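Inspection log for the structure reproduced underneath, given as structure tokens.
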Amino acid sequence: MRKRKYASRWSWVPMALGLLLFIAAAVWMVKGVQEAAAVSDREGLRMAQEAANRAVVSCYALEGVYPATYEDLKAKSGLAIDEERYAVFYEIFASNMRPSVTVVERWEGEP
């Protein structure tokens with residue numbers, strides 16, 4: 001059996017193309033996972049904001065007044081927001097005016 005004289009000259013090309021294709025697929029998958037995580041984070045923040053607003057309206061519908069503090073809101077409505085991940089700002093002007101409830105995502109290093 002004879003070896004071809006020029007057989008090994010271009011033998012690395014299919015392997016290099018396969019490797020490039022694998023790297024491209026891996027990068028594409030990592031980008032997709034990162035985008036899915038970002039969408040999930042935005043959706044979690046939106047859901048926490050909506051839950052807080054629904055709890056405020058529910059308390060007003062049941063009792064006729066808005067809760068005086070965020071702790072009262074949690075106790076009366078059973079609101080459960082992950083306070084390690086989100087910060088909730090509850091500002092009330094008067095008991096008959098709808099309070100301002102703002103939910104923001106905490107930073108990684110924030111206590």
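Naming scheme: A, B, ... for chains in displayed order of the structure tokens; residues 1 onward per chain; ligands 1 onward as shown.
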**Asked** Mind checking DSSP for chain A and telling me the helix (DSSP H, G or I) residues as a ChimeraX atom specification?
**Response** /A:12-63,70-77
Each residue of region 26-74 of chain A lying at most 7 Å from region 81-91 of chain A should get a row with its shortest atom-to-atom pair and the distance in Å to one decimal, counting only C-alpha atoms; could you produce that, ordered by chain and increasing number, as a Markdown table?
| residue | atom | partner | partner_atom | distance |
| --- | --- | --- | --- | --- |
| A:Ala48 | CA | A:Ile81 | CA | 6.4 |
| A:Thr69 | CA | A:Tyr90 | CA | 7.0 |
| A:Tyr70 | CA | A:Tyr90 | CA | 5.8 |
**Message:** Could you tell me how far CA of Ala36 (chain A) sits from CA of Leu17 (chain A), in Å to one decimal place?
**Reply:** 28.5 Å
**Asked** So how far away is CA of Arg46 (chain A) from CA of Gly78 (chain A), in Å?
**Response** 18.3 Å
